[in-house]
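Asker: Provided herewith: target_2.txt, compact mmCIF, C-alpha atoms.
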# COMPACT_ATOMS: atom_id res chain seq x y z
CA MET A 179 -75.47 3.71 33.94
CA PHE A 180 -72.68 1.10 34.34
CA LYS A 181 -71.69 -0.53 37.50
CA ASP A 182 -68.03 -1.00 38.30
CA THR A 183 -66.74 1.26 35.53
CA GLU A 184 -63.40 1.12 37.34
CA HIS A 185 -62.65 -2.15 35.46
CA LEU A 186 -63.21 -0.59 32.07
CA ILE A 187 -60.96 2.34 32.90
CA ARG A 188 -58.22 -0.01 34.06
CA LEU A 189 -58.55 -2.09 30.91
CA ALA A 190 -58.40 1.03 28.75
CA ALA A 191 -55.32 2.19 30.64
CA VAL A 192 -53.58 -1.14 30.10
CA MET A 193 -54.46 -1.00 26.40
CA ALA A 194 -53.18 2.55 26.12
CA ILE A 195 -49.90 1.60 27.79
CA ALA A 196 -49.54 -1.42 25.48
CA VAL A 197 -50.16 0.69 22.38
CA LEU A 198 -47.70 3.34 23.56
CA ALA A 199 -45.11 0.66 24.35
CA PHE A 200 -45.62 -0.83 20.88
CA VAL A 201 -45.18 2.54 19.16
CA VAL A 202 -42.08 3.40 21.18
CA LEU A 203 -40.49 -0.04 20.76
CA ARG A 204 -41.27 -0.17 17.06
CA SER A 205 -39.76 3.22 16.41
CA ALA A 206 -36.72 2.21 18.45
CA VAL A 207 -36.22 -1.06 16.57
CA VAL A 208 -37.12 -0.07 12.99
CA PRO A 209 -34.48 2.21 11.45
CA LYS A 210 -35.72 5.72 10.87
CA SER A 211 -35.23 5.67 7.13
CA PHE A 212 -36.98 2.31 6.64
CA GLY A 213 -39.75 2.75 4.09
CA GLN A 214 -38.46 6.07 2.79
CA TYR A 215 -38.24 4.73 -0.78
CA GLY A 216 -39.66 1.24 -0.35
CA HIS A 217 -39.47 -1.81 1.89
CA TYR A 218 -35.85 -1.19 2.87
CA ARG A 219 -33.63 1.18 4.81
CA GLY A 220 -33.44 4.38 2.76
CA ASN A 221 -30.09 5.34 4.31
CA ALA A 222 -28.56 2.17 2.83
CA ILE A 223 -28.48 3.99 -0.53
CA ALA A 224 -26.40 6.86 0.84
CA GLU A 225 -24.14 4.38 2.66
CA ALA A 226 -23.52 2.43 -0.56
CA ALA A 227 -22.73 5.68 -2.36
CA ALA A 228 -20.31 6.78 0.38
CA LEU A 229 -17.90 3.83 0.04
CA PRO A 230 -14.36 4.83 -0.92
CA ILE A 231 -13.20 4.37 -4.51
CA ALA A 232 -10.13 2.29 -5.41
CA HIS A 233 -9.70 3.15 -9.09
CA ALA A 234 -8.90 6.81 -9.62
CA GLY A 235 -9.91 6.84 -13.29
CA HIS A 236 -7.67 7.67 -16.25
CA GLU A 237 -8.54 11.40 -16.19
CA VAL A 238 -6.99 11.67 -12.73
CA CYS A 239 -3.86 9.76 -13.84
CA GLU A 240 -3.49 11.96 -16.90
CA SER A 241 -3.67 15.16 -14.88
CA CYS A 242 -0.16 14.39 -13.59
CA HIS A 243 1.21 11.93 -16.16
CA SER A 244 0.43 14.08 -19.19
CA ASP A 245 3.64 12.89 -20.92
CA VAL A 246 2.36 9.30 -20.88
CA ALA A 247 -1.07 10.45 -22.04
CA GLU A 248 0.56 12.21 -25.00
CA GLN A 249 2.50 9.06 -25.90
CA LYS A 250 -0.62 6.92 -25.67
CA LYS A 251 -2.58 9.26 -27.93
CA LEU A 252 -0.19 8.41 -30.76
CA GLY A 253 -0.84 4.68 -30.64
CA LYS A 254 -3.58 2.10 -30.38
CA HIS A 255 -3.30 1.82 -26.59
CA VAL A 256 -5.00 5.19 -26.26
CA VAL A 257 -8.22 3.28 -25.53
CA VAL A 258 -6.66 1.28 -22.69
CA ALA A 259 -7.17 2.95 -19.32
CA CYS A 260 -4.07 3.31 -17.11
CA GLU A 261 -5.48 1.11 -14.37
CA ALA A 262 -6.19 -1.76 -16.76
CA CYS A 263 -2.48 -2.61 -16.51
CA HIS A 264 -1.30 -0.68 -13.47
CA GLY A 265 -4.13 -1.77 -11.16
CA ALA A 266 -6.21 0.35 -8.79
CA GLN A 267 -4.32 3.58 -8.06
CA ALA A 268 -6.67 5.84 -6.10
CA LYS A 269 -4.36 5.59 -3.09
CA HIS A 270 -1.38 6.59 -5.21
CA ALA A 271 -3.40 9.50 -6.62
CA ASP A 272 -4.21 10.67 -3.10
CA ASP A 273 -0.63 10.39 -1.89
CA PRO A 274 1.71 10.15 -4.90
CA ALA A 275 4.89 10.59 -2.85
CA SER A 276 4.60 7.71 -0.43
CA ILE A 277 2.47 5.19 -2.36
CA GLN A 278 4.16 4.02 -5.53
CA PRO A 279 2.59 1.65 -8.07
CA ALA A 280 4.33 -1.72 -8.43
CA LYS A 281 6.53 -2.34 -11.46
CA LEU A 282 4.79 -4.53 -14.00
CA ASP A 283 5.92 -7.75 -15.61
CA THR A 284 5.22 -7.34 -19.31
CA ALA A 285 5.33 -11.11 -19.84
CA VAL A 286 2.17 -11.38 -17.70
CA ILE A 287 0.45 -8.08 -18.46
CA CYS A 288 0.81 -8.15 -22.26
CA ALA A 289 -0.01 -11.85 -22.56
CA ARG A 290 -3.35 -11.51 -20.81
CA CYS A 291 -4.66 -9.54 -23.75
CA HIS A 292 -2.41 -10.53 -26.65
CA GLU A 293 -1.72 -14.24 -26.14
CA ALA A 294 -3.44 -16.07 -28.99
CA ASN A 295 -6.74 -17.69 -28.09
CA SER A 296 -9.38 -18.95 -30.50
CA ALA A 297 -12.12 -17.38 -28.38
CA LYS A 298 -10.70 -13.88 -28.96
CA PRO A 299 -12.12 -11.83 -31.82
CA LYS A 300 -10.14 -12.47 -35.02
CA SER A 301 -9.48 -8.78 -35.56
CA PHE A 302 -7.72 -8.42 -32.22
CA PRO A 303 -3.88 -8.51 -32.46
CA GLN A 304 -2.67 -11.81 -30.99
CA VAL A 305 0.64 -13.65 -30.83
CA VAL A 306 1.89 -16.97 -29.55
CA SER A 307 4.49 -15.43 -27.29
CA ALA A 308 6.84 -18.44 -27.35
CA GLU A 309 7.10 -18.14 -31.15
CA HIS A 310 6.84 -14.37 -31.29
CA SER A 311 9.55 -13.25 -28.89
CA GLY A 312 11.53 -16.37 -28.10
CA GLY A 313 11.40 -15.60 -24.39
CA LEU A 314 12.38 -11.94 -24.65
CA ALA A 315 10.41 -9.49 -22.52
CA CYS A 316 7.77 -7.65 -24.55
CA ASP A 317 9.20 -4.24 -23.70
CA THR A 318 12.56 -5.16 -25.25
CA CYS A 319 11.02 -4.14 -28.56
CA HIS A 320 7.60 -2.63 -27.77
CA GLN A 321 6.98 0.51 -25.76
CA PRO A 322 3.83 -0.49 -23.82
CA HIS A 323 2.23 2.97 -23.96
CA ARG A 324 2.71 3.14 -27.75
CA PRO A 325 3.26 -0.45 -28.82
CA LYS A 326 3.73 -0.30 -32.59
CA ILE A 327 7.49 -0.65 -33.14
CA GLU A 328 7.70 1.68 -36.16
CA ASP A 329 5.81 4.30 -34.16
CA THR A 330 8.37 4.46 -31.41
CA ALA A 331 11.49 4.26 -33.59
CA GLU A 332 12.92 7.76 -33.12
CA THR A 333 13.41 8.54 -36.81
CA LYS A 334 9.96 7.55 -37.99
CA SER A 335 7.64 9.43 -35.69
CA LYS A 336 4.17 9.23 -37.19
CA PRO A 337 1.27 11.61 -36.60
CA ALA A 338 -1.60 10.62 -34.33
CA THR A 339 -3.66 7.69 -35.47
CA GLU A 340 -7.34 7.75 -34.75
CA ALA A 341 -8.54 5.88 -31.71
CA ARG A 342 -10.09 2.54 -32.34
CA LYS A 343 -13.85 2.66 -32.24
CA MET B 76 -56.14 10.75 37.60
CA ASP B 77 -54.98 14.21 38.47
CA ILE B 78 -51.88 15.54 36.83
CA THR B 79 -49.91 16.75 39.78
CA ARG B 80 -46.72 18.70 39.44
CA ARG B 81 -44.75 15.58 40.46
CA ARG B 82 -46.45 13.44 37.81
CA LEU B 83 -45.97 16.08 35.11
CA LEU B 84 -42.26 16.25 35.89
CA ILE B 85 -42.02 12.47 35.50
CA LEU B 86 -44.07 12.43 32.31
CA LEU B 87 -42.31 15.25 30.47
CA PRO B 88 -38.89 13.60 30.01
CA ALA B 89 -40.61 10.33 29.07
CA ALA B 90 -42.65 12.13 26.43
CA ALA B 91 -39.51 13.84 25.15
CA VAL B 92 -37.73 10.49 24.77
CA ALA B 93 -40.76 8.99 23.03
CA TRP B 94 -41.00 11.97 20.66
CA LYS B 95 -37.36 11.52 19.59
CA PHE B 96 -38.25 8.03 18.35
CA VAL B 97 -41.50 9.04 16.70
CA GLU B 98 -39.93 11.88 14.77
CA ALA B 99 -38.31 10.36 11.69
CA GLY B 100 -35.11 12.00 10.49
CA THR B 101 -34.61 12.71 6.80
CA PRO B 102 -31.16 11.66 5.56
CA GLU B 103 -29.20 14.17 3.54
CA ALA B 104 -29.38 13.70 -0.19
CA ALA B 105 -26.09 13.21 -2.04
CA PRO B 106 -24.98 16.52 -3.48
CA ASN B 107 -25.55 16.98 -7.23
CA TYR B 108 -26.92 13.46 -7.60
CA LYS B 109 -30.64 12.97 -8.00
CA LEU B 110 -31.90 9.41 -7.64
CA THR B 111 -34.86 10.01 -9.91
CA GLU B 112 -32.80 11.32 -12.83
CA HIS B 113 -30.97 8.07 -13.59
CA TRP B 114 -31.83 4.56 -14.62
CA TRP B 115 -28.64 2.54 -14.76
CA ALA B 116 -27.89 -0.33 -17.11
CA MET B 117 -24.89 -1.91 -18.79
CA LEU B 118 -24.04 -2.85 -22.32
CA VAL B 119 -21.83 -5.88 -22.97
CA ASP B 120 -20.53 -6.16 -26.51
CA ILE B 121 -19.58 -9.84 -26.76
CA PRO B 122 -17.65 -9.63 -30.08
CA LYS B 123 -15.31 -7.11 -28.43
CA CYS B 124 -14.48 -9.20 -25.34
CA ILE B 125 -10.95 -10.64 -25.36
CA GLY B 126 -11.24 -12.47 -22.03
CA CYS B 127 -8.29 -10.60 -20.50
CA GLY B 128 -9.85 -10.59 -17.03
CA SER B 129 -9.19 -6.88 -16.41
CA CYS B 130 -12.80 -6.38 -15.32
CA VAL B 131 -12.63 -9.25 -12.83
CA ARG B 132 -9.38 -7.97 -11.29
CA ALA B 133 -10.62 -4.38 -11.16
CA CYS B 134 -13.90 -5.45 -9.56
CA SER B 135 -12.19 -7.45 -6.86
CA GLN B 136 -9.84 -4.56 -6.04
CA GLU B 137 -12.55 -1.93 -6.14
CA ASN B 138 -15.01 -3.84 -4.00
CA ASP B 139 -12.69 -5.90 -1.83
CA VAL B 140 -14.23 -9.14 -3.10
CA PRO B 141 -12.99 -12.19 -1.14
CA GLU B 142 -10.59 -14.53 -2.94
CA GLY B 143 -12.45 -17.20 -4.89
CA TYR B 144 -15.69 -15.21 -5.07
CA PHE B 145 -16.76 -12.99 -7.95
CA ARG B 146 -19.11 -10.09 -8.43
CA THR B 147 -18.29 -10.29 -12.11
CA TRP B 148 -16.66 -13.10 -14.04
CA ILE B 149 -15.94 -14.16 -17.59
CA GLU B 150 -17.11 -17.42 -19.16
CA ARG B 151 -15.51 -18.99 -22.20
CA TYR B 152 -17.96 -20.82 -24.41
CA HIS B 153 -17.03 -23.62 -26.73
CA VAL B 154 -19.87 -24.63 -29.03
CA ALA B 155 -18.94 -27.75 -30.98
CA ASP B 156 -20.06 -27.97 -34.57
CA TRP B 157 -22.13 -31.07 -34.00
CA LYS B 158 -23.32 -30.54 -30.42
CA ILE B 159 -24.66 -27.06 -30.54
CA GLU B 160 -27.22 -27.64 -27.76
CA ARG B 161 -24.55 -28.55 -25.19
CA PRO B 162 -22.02 -25.73 -25.08
CA GLU B 163 -18.95 -26.25 -22.92
CA VAL B 164 -18.50 -23.37 -20.51
CA GLU B 165 -15.45 -22.72 -18.37
CA SER B 166 -14.35 -19.91 -16.11
CA PRO B 167 -11.01 -20.71 -14.44
CA ASP B 168 -10.74 -18.46 -11.36
CA GLY B 169 -13.54 -16.37 -12.86
CA GLY B 170 -11.24 -15.49 -15.74
CA LYS B 171 -9.29 -13.28 -13.37
CA GLN B 172 -5.91 -14.11 -14.89
CA GLY B 173 -7.17 -14.47 -18.45
CA PHE B 174 -7.69 -17.80 -20.20
CA PRO B 175 -5.19 -20.46 -21.26
CA PRO B 176 -5.22 -21.26 -25.00
CA ASN B 177 -8.12 -23.53 -26.03
CA GLU B 178 -7.26 -27.19 -26.09
CA ILE B 179 -10.17 -28.09 -28.31
CA SER B 180 -10.03 -26.78 -31.85
CA GLY B 181 -12.94 -26.09 -34.17
CA GLY B 182 -16.44 -25.04 -33.32
CA LYS B 183 -17.32 -21.62 -32.11
CA ASN B 184 -15.44 -20.02 -29.22
CA PHE B 185 -16.17 -16.74 -27.49
CA PHE B 186 -16.15 -14.98 -24.12
CA VAL B 187 -19.19 -13.82 -22.17
CA PRO B 188 -18.67 -11.44 -19.23
CA LYS B 189 -21.29 -11.93 -16.54
CA LEU B 190 -22.43 -9.74 -13.68
CA CYS B 191 -25.60 -8.84 -11.80
CA ASN B 192 -28.26 -7.90 -14.35
CA HIS B 193 -29.75 -5.23 -12.06
CA CYS B 194 -33.21 -6.50 -12.88
CA ALA B 195 -36.05 -4.02 -12.66
CA ASP B 196 -38.29 -6.86 -11.37
CA SER B 197 -35.57 -8.74 -9.58
CA PRO B 198 -36.39 -12.13 -8.03
CA CYS B 199 -33.73 -11.65 -5.34
CA THR B 200 -35.36 -8.55 -3.85
CA GLN B 201 -38.78 -10.20 -3.95
CA VAL B 202 -37.68 -13.10 -1.77
CA CYS B 203 -35.73 -11.11 0.83
CA PRO B 204 -37.68 -11.51 4.06
CA VAL B 205 -36.29 -8.42 5.78
CA GLY B 206 -35.88 -5.81 3.06
CA ALA B 207 -32.08 -6.07 3.04
CA THR B 208 -31.91 -6.08 -0.73
CA PHE B 209 -33.77 -3.67 -2.93
CA VAL B 210 -33.92 -1.85 -6.25
CA THR B 211 -32.91 1.77 -5.77
CA PRO B 212 -34.95 4.53 -7.45
CA ASP B 213 -32.13 4.80 -10.02
CA GLY B 214 -32.36 1.11 -10.95
CA VAL B 215 -29.50 -0.56 -9.08
CA VAL B 216 -30.02 -3.69 -7.00
CA LEU B 217 -28.13 -3.23 -3.73
CA VAL B 218 -27.63 -5.21 -0.53
CA ASP B 219 -27.92 -3.54 2.86
CA LYS B 220 -25.09 -5.34 4.63
CA SER B 221 -26.18 -4.15 8.06
CA TYR B 222 -29.69 -5.50 7.56
CA CYS B 223 -28.95 -8.82 5.83
CA LEU B 224 -29.50 -11.95 7.92
CA GLY B 225 -27.52 -14.20 5.59
CA CYS B 226 -30.51 -16.49 5.03
CA ARG B 227 -29.43 -17.21 1.42
CA TYR B 228 -32.92 -16.96 -0.10
CA CYS B 229 -31.65 -14.40 -2.58
CA VAL B 230 -28.68 -16.58 -3.55
CA GLN B 231 -31.14 -19.28 -4.57
CA ALA B 232 -33.57 -16.89 -6.20
CA CYS B 233 -31.11 -15.22 -8.58
CA PRO B 234 -31.51 -17.02 -11.92
CA TYR B 235 -28.12 -15.76 -13.05
CA GLY B 236 -26.05 -17.04 -10.12
CA CYS B 237 -24.78 -13.55 -9.36
CA ARG B 238 -24.97 -13.68 -5.57
CA PHE B 239 -22.82 -15.28 -2.92
CA ILE B 240 -22.41 -15.18 0.83
CA ASN B 241 -19.34 -13.23 1.85
CA PRO B 242 -17.47 -15.57 4.22
CA LYS B 243 -16.17 -12.66 6.30
CA THR B 244 -19.44 -10.85 6.93
CA ASN B 245 -21.81 -13.81 6.39
CA THR B 246 -24.08 -11.54 4.41
CA ALA B 247 -25.24 -11.68 0.81
CA GLU B 248 -23.03 -9.89 -1.69
CA LYS B 249 -23.20 -9.06 -5.35
CA CYS B 250 -22.29 -6.48 -7.97
CA SER B 251 -23.36 -3.02 -6.82
CA LEU B 252 -22.76 -1.56 -10.29
CA CYS B 253 -20.03 0.36 -8.40
CA TYR B 254 -22.75 2.49 -6.84
CA HIS B 255 -20.09 4.44 -4.94
CA ARG B 256 -18.53 5.41 -8.29
CA ILE B 257 -21.52 6.04 -10.54
CA THR B 258 -23.09 8.40 -8.00
CA LYS B 259 -19.86 10.43 -8.09
CA GLY B 260 -19.95 10.75 -11.88
CA LEU B 261 -17.38 8.00 -12.48
CA THR B 262 -17.91 4.84 -14.48
CA THR B 263 -17.77 1.38 -12.90
CA ALA B 264 -14.35 -0.16 -12.22
CA CYS B 265 -14.94 -2.90 -14.85
CA CYS B 266 -15.95 -0.39 -17.53
CA GLU B 267 -13.04 1.87 -16.59
CA VAL B 268 -10.44 -0.82 -17.23
CA CYS B 269 -12.05 -2.75 -20.11
CA PRO B 270 -9.39 -2.31 -22.83
CA THR B 271 -11.69 -2.94 -25.79
CA GLY B 272 -14.84 -1.16 -24.68
CA ALA B 273 -16.71 -4.45 -24.41
CA ARG B 274 -18.44 -3.15 -21.31
CA GLN B 275 -20.16 0.18 -21.15
CA LEU B 276 -22.13 1.71 -18.33
CA ALA B 277 -25.38 3.19 -19.56
CA ASP B 278 -27.87 5.62 -18.09
CA LEU B 279 -31.18 4.97 -19.80
CA LYS B 280 -32.71 8.18 -18.45
CA ASN B 281 -29.97 10.31 -19.99
CA PRO B 282 -31.11 11.19 -23.52
CA LYS B 283 -27.51 11.96 -24.51
CA ASP B 284 -26.21 8.52 -23.54
CA PRO B 285 -24.82 6.70 -26.63
CA ILE B 286 -26.67 3.56 -25.46
CA HIS B 287 -29.88 4.80 -27.13
CA GLU B 288 -28.30 4.95 -30.57
CA PHE B 289 -26.69 1.56 -29.97
CA LEU B 290 -29.95 -0.07 -28.90
CA LYS B 291 -31.72 1.32 -31.98
CA THR B 292 -29.13 0.06 -34.41
CA HIS B 293 -28.24 -3.34 -32.92
CA SER B 294 -30.09 -6.52 -32.05
CA VAL B 295 -29.50 -6.59 -28.33
CA GLN B 296 -30.61 -9.31 -25.94
CA VAL B 297 -30.74 -9.93 -22.22
CA LEU B 298 -29.99 -13.19 -20.42
CA LYS B 299 -32.96 -15.47 -19.74
CA PRO B 300 -35.64 -13.12 -21.08
CA HIS B 301 -38.29 -15.81 -20.47
CA MET B 302 -37.88 -15.26 -16.74
CA ALA B 303 -39.23 -11.72 -17.10
CA THR B 304 -36.76 -10.29 -14.62
CA GLY B 305 -36.45 -6.97 -16.42
CA ALA B 306 -32.69 -7.54 -16.74
CA LYS B 307 -30.76 -4.38 -17.60
CA VAL B 308 -27.45 -5.85 -18.75
CA PHE B 309 -27.79 -5.81 -22.52
CA TYR B 310 -25.72 -8.22 -24.58
CA ASN B 311 -24.82 -7.46 -28.15
CA GLY B 312 -23.83 -10.25 -30.51
CA MET B 313 -24.89 -12.96 -28.09
CA ASP B 314 -24.99 -16.52 -29.39
CA GLY B 315 -28.15 -18.54 -28.74
CA SER B 316 -26.12 -21.05 -26.74
CA VAL B 317 -25.40 -18.57 -23.94
CA ARG B 318 -27.18 -19.42 -20.70
Please express the file's structure as structure tokens.

Answerer:
Amino acid sequence: MFKDTEHLIRLAAVMAIAVLAFVVLRSAVVPKSFGQYGHYRGNAIAEAAALPIAHAGHEVCESCHSDVAEQKKLGKHVVVACEACHGAQAKHADDPASIQPAKLDTAVICARCHEANSAKPKSFPQVVSAEHSGGLACDTCHQPHRPKIEDTAETKSKPATEARK
Amino acid sequence: MDITRRRLLILLPAAAVAWKFVEAGTPEAAPNYKLTEHWWAMLVDIPKCIGCGSCVRACSQENDVPEGYFRTWIERYHVADWKIERPEVESPDGGKQGFPPNEISGGKNFFVPKLCNHCADSPCTQVCPVGATFVTPDGVVLVDKSYCLGCRYCVQACPYGCRFINPKTNTAEKCSLCYHRITKGLTTACCEVCPTGARQLADLKNPKDPIHEFLKTHSVQVLKPHMATGAKVFYNGMDGSVR
């Protein structure tokens, strides 16, 4: 039939080795989950989901600080989450004894939202703090968790007002 | 070639090693979270935004965003009465510490929070040469940090300017829609802390999500709709001057 078939066999062997090497190398280099959902590493989704959280969420805060939650429910700040002012507190929630939230400066915290600015919606309560307080700290008069002054005056405790929509 | 005992003994371990590579492992699915049951989006209600910067601060704490870079930021628009086609836009430090009072009076002034639009047909994922950025089956555009080369194609491709190169890792970075939170049943850090409810996370595949009622009853827009990116950050009450 053919002469010198030895050559063909050798060539086929070399090809087979090359193909095997390609398959082995490719599977070694391409991550296993690549292409699971599309042209990307499928495991990247689980890795992104596994990152640690920094903000505990107000439900977690309220599970311990129920007294503050009750106070907030009586005023307009009920819609403001704890961590909006107090910052990310997941670490504090995990270890409340040794990690304590920093004390806040009301002059900075309150002003961020309530300092007058023409770009803010007109219906939002705003003050020019220099005129409004004359340099006094906001919490001299306002209780930050329930800011309306009449609300927090001991004698005139009002029933719960509905949360702002 | 005869398979002798000696040759078989050499071949067997080699075959075993090769088989380990060929056999693809299936990663464990996250408990109680099914990728196919969600389609994430966000609603930004511009008339409610007070520009306090809580979202920007929360985002940078939650995601360890390098100083001077932003995964979300707030822009203040000033549209003069007579120059409506050239709005003045500013974002000092991304709005992280709020905004100083306006120096210019008159015209129209408002805040616009910006973030990744988590486009369904996102230009950034289309240009990535290595598959390091992608749209997840639940509609979030993510970056695979371990796969990104830092070539910056995606930074150029994003029409919304939402991407940057993290100077520490030298890889592309952007809003992940707090993927590590939403898959655990939490809301995003920015939505958690927004004091006026100007930002709301929405799951379009959840029929009980209030977003559906909102979308039916409001005229909602996306940024740069002419680019057909399938943007999923919906803006309510957005002025025509917003870019």

Asker: Could you list, as a PyMOL selection string, every residue of chain B that has an atom within 7 Å of an atom of chain A, counting all atoms listed in the file?

Answerer: chain B and resi 93+96-97+99-100+102+105+122-123+125+127+129+133+136-137+172-173+176-177+184-186+206-207+209+219+254-256+258+264+267-270

Asker: For stretch 250-252 of chain B, work out the shell of residues within 8 Å, counting all atoms listed in the file and skipping chain neighbours fewer than 3 positions away, then give it as a list in words.

Answerer: Arg146, Thr147, Leu190, Cys191, Val215, Val216, Leu217, Val218, Cys237, Ile257 and Thr263 of chain B

Asker: Could you state the separation of atom CA of A:Ser307 and atom CA of B:Ser166 in Å, given to one decimal place?

Answerer: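 Distance reported for this atom pair: 22.4 Å.
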
Asker: Please measure the separation of atom CA of A:Pro325 and atom CA of B:Cys130, giving the value in Å to one decimal.

Answerer: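 Between these atoms lies a distance of 21.8 Å.
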
Asker: Using all atoms listed in the file for the distances, tell me which of B:Cys266, B:Tyr310, B:Gly181, B:Glu248 is nearest to B:Asn138.

Answerer: B:Glu248

Asker: Box in all listed atoms of stretch 136-145 of chain B, axis-aligned, with 8 Å more on each side; write out centre and edge lengths in Å to one decimal as AutoDock Vina command-line options.

Answerer:
--center_x -13.3 --center_y -9.6 --center_z -4.5 --size_x 22.9 --size_y 31.3 --size_z 22.8

Asker: How far is it from atom CA of B:Tyr228 to atom CA of B:Gln296, in Å with one decimal?

Answerer: 27.0 Å

Asker: Pick the closest to B:Ile240 from B:Tyr222, B:Tyr108, B:Tyr144, B:Trp157: which is it, counting only C-alpha atoms?

Answerer: B:Tyr144

Asker: Looking at all atoms listed in the file, which of B:Pro204, B:Pro88, B:Pro175, B:Pro285 is the one that sits closest to B:Cys229?

Answerer: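 The closest residue to B:Cys229 is B:Pro204.
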
Asker: Counting all atoms listed in the file, which of B:Ala116, B:Met313, B:Val308, B:Val131 gets nearest to B:Leu279?

Answerer: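 Nearest candidate to B:Leu279 out of B:Ala116, B:Met313, B:Val308, B:Val131: B:Ala116.
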
Asker: With a distance cut-off of 10 Å and all atoms listed in the file, select the neighbouring residues of A:Lys326, excluding the residue or stretch itself and same-chain residues fewer than 6 positions from it, and output the selection as a list in words.

Answerer: Leu252, Gly253, Lys254, His255, Cys319 and His320 of chain A

Asker: Taking only C-alpha atoms into account, name the residue in B:Asn241, B:Thr271, B:Asp314, B:Lys189 that is nearest to A:Pro303.

Answerer: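 Going through B:Asn241, B:Thr271, B:Asp314, B:Lys189 one by one, the smallest distance to A:Pro303 is for B:Thr271.
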
Asker: Please list as a list of chain:residue names every residue within 7 Å of B:Val295, counting all atoms listed in the file and excluding residues in the same chain fewer than 5 positions away.

Answerer: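 Skipping anything fewer than 5 positions along the chain leaves B:Leu290, B:Phe309, B:Tyr310, B:Asn311.
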
Asker: Find the residue from A:His270, A:Ser311, A:Thr318, A:Lys251 that sits nearest to A:Val238; use all atoms listed in the file when measuring.

Answerer: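 Closest residue, counting all atoms listed in the file: A:His270.
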
Asker: Could you pull stretch 199-217 of chain B out of the block above and save it with C-alpha atoms, as a PDB file, in the first residue's frame?

Answerer:
ATOM      1  CA  CYS B 199     -17.753  48.682  28.922  1.00  0.00           C
ATOM      2  CA  THR B 200     -18.265  44.916  28.925  1.00  0.00           C
ATOM      3  CA  GLN B 201     -18.300  44.830  25.135  1.00  0.00           C
ATOM      4  CA  VAL B 202     -14.840  46.353  24.851  1.00  0.00           C
ATOM      5  CA  CYS B 203     -13.131  44.311  27.576  1.00  0.00           C
ATOM      6  CA  PRO B 204     -10.576  42.166  25.755  1.00  0.00           C
ATOM      7  CA  VAL B 205     -10.256  39.510  28.455  1.00  0.00           C
ATOM      8  CA  GLY B 206     -13.725  39.093  29.932  1.00  0.00           C
ATOM      9  CA  ALA B 207     -12.818  40.843  33.182  1.00  0.00           C
ATOM     10  CA  THR B 208     -16.018  42.849  33.215  1.00  0.00           C
ATOM     11  CA  PHE B 209     -19.419  41.398  32.603  1.00  0.00           C
ATOM     12  CA  VAL B 210     -23.149  41.653  33.191  1.00  0.00           C
ATOM     13  CA  THR B 211     -24.223  39.081  35.766  1.00  0.00           C
ATOM     14  CA  PRO B 212     -27.384  37.017  35.158  1.00  0.00           C
ATOM     15  CA  ASP B 213     -29.116  39.277  37.709  1.00  0.00           C
ATOM     16  CA  GLY B 214     -28.246  42.451  35.798  1.00  0.00           C
ATOM     17  CA  VAL B 215     -25.255  43.918  37.629  1.00  0.00           C
ATOM     18  CA  VAL B 216     -22.113  45.015  35.802  1.00  0.00           C
ATOM     19  CA  LEU B 217     -19.122  43.757  37.788  1.00  0.00           C
TER      20      LEU B 217
END
